[in-house]
Amino acid sequence: MGGNIHYNNSLYQVRVMNMIVYQPKTEEDRKELRKKAALLHSQAVLQYIQQLSCPNDQKQALMEELHTT
């Protein structure tokens, strides 16, 4: 199952694909899934900020602002 490019510009590409998702059955597994999702989200935000074309001190200030909110 290959995905088709749904949106493409100079910053990112979004691919669309069909997926079957199964919910975790136990609370422990749900907590683990939430942790993994949060880690993935934070990595995406960090990567996006690193690619910004502003000075590093502005990137650092943005990261600190995100950390405190």
# chains A, B, ... in the order shown; residues from 1 in each chain; ligands from 1

$ residues_around --residues "region 32-49 of chain A" --least-positions-apart "5" --cutoff "12 Å" --atoms "only C-alpha atoms" --output "VMD selection string"
chain A and resid 11 to 12 22 to 27 54 to 64 66 to 67

$ select_by_dssp --residues "chain A" --states "strand (DSSP E)" --output "VMD selection string"
chain A and resid 4 to 8 13 to 16

$ write_last_selection --atoms "N, CA and C atoms" --output "PDB file, in the first residue's frame"
ATOM      1  N   ASN A   4      -0.066   8.309  -1.549  1.00  0.00           N
ATOM      2  CA  ASN A   4       0.006   9.354  -2.558  1.00  0.00           C
ATOM      3  C   ASN A   4       0.379  10.658  -1.874  1.00  0.00           C
ATOM      4  N   ILE A   5       1.134  11.493  -2.585  1.00  0.00           N
ATOM      5  CA  ILE A   5       1.461  12.794  -2.015  1.00  0.00           C
ATOM      6  C   ILE A   5       0.203  13.637  -2.018  1.00  0.00           C
ATOM      7  N   HIS A   6      -0.205  14.057  -0.837  1.00  0.00           N
ATOM      8  CA  HIS A   6      -1.430  14.836  -0.670  1.00  0.00           C
ATOM      9  C   HIS A   6      -1.125  16.332  -0.744  1.00  0.00           C
ATOM     10  N   TYR A   7      -0.025  16.745  -0.174  1.00  0.00           N
ATOM     11  CA  TYR A   7       0.329  18.156  -0.147  1.00  0.00           C
ATOM     12  C   TYR A   7       1.843  18.239  -0.201  1.00  0.00           C
ATOM     13  N   ASN A   8       2.372  19.148  -0.979  1.00  0.00           N
ATOM     14  CA  ASN A   8       3.814  19.229  -1.144  1.00  0.00           C
ATOM     15  C   ASN A   8       4.207  20.691  -1.317  1.00  0.00           C
ATOM     16  N   GLN A  13       6.228  17.366   3.180  1.00  0.00           N
ATOM     17  CA  GLN A  13       5.318  16.571   2.369  1.00  0.00           C
ATOM     18  C   GLN A  13       4.430  15.783   3.312  1.00  0.00           C
ATOM     19  N   VAL A  14       3.189  15.626   2.940  1.00  0.00           N
ATOM     20  CA  VAL A  14       2.264  14.813   3.708  1.00  0.00           C
ATOM     21  C   VAL A  14       1.833  13.666   2.811  1.00  0.00           C
ATOM     22  N   ARG A  15       1.978  12.460   3.285  1.00  0.00           N
ATOM     23  CA  ARG A  15       1.550  11.291   2.522  1.00  0.00           C
ATOM     24  C   ARG A  15       0.285  10.737   3.168  1.00  0.00           C
ATOM     25  N   VAL A  16      -0.616  10.289   2.351  1.00  0.00           N
ATOM     26  CA  VAL A  16      -1.872   9.733   2.827  1.00  0.00           C
ATOM     27  C   VAL A  16      -1.832   8.228   2.625  1.00  0.00           C
TER      28      VAL A  16
END

$ select_by_dssp --residues "chain A" --states "helix (DSSP H, G or I)" --output "PyMOL selection string"
chain A and resi 27-50+56-68
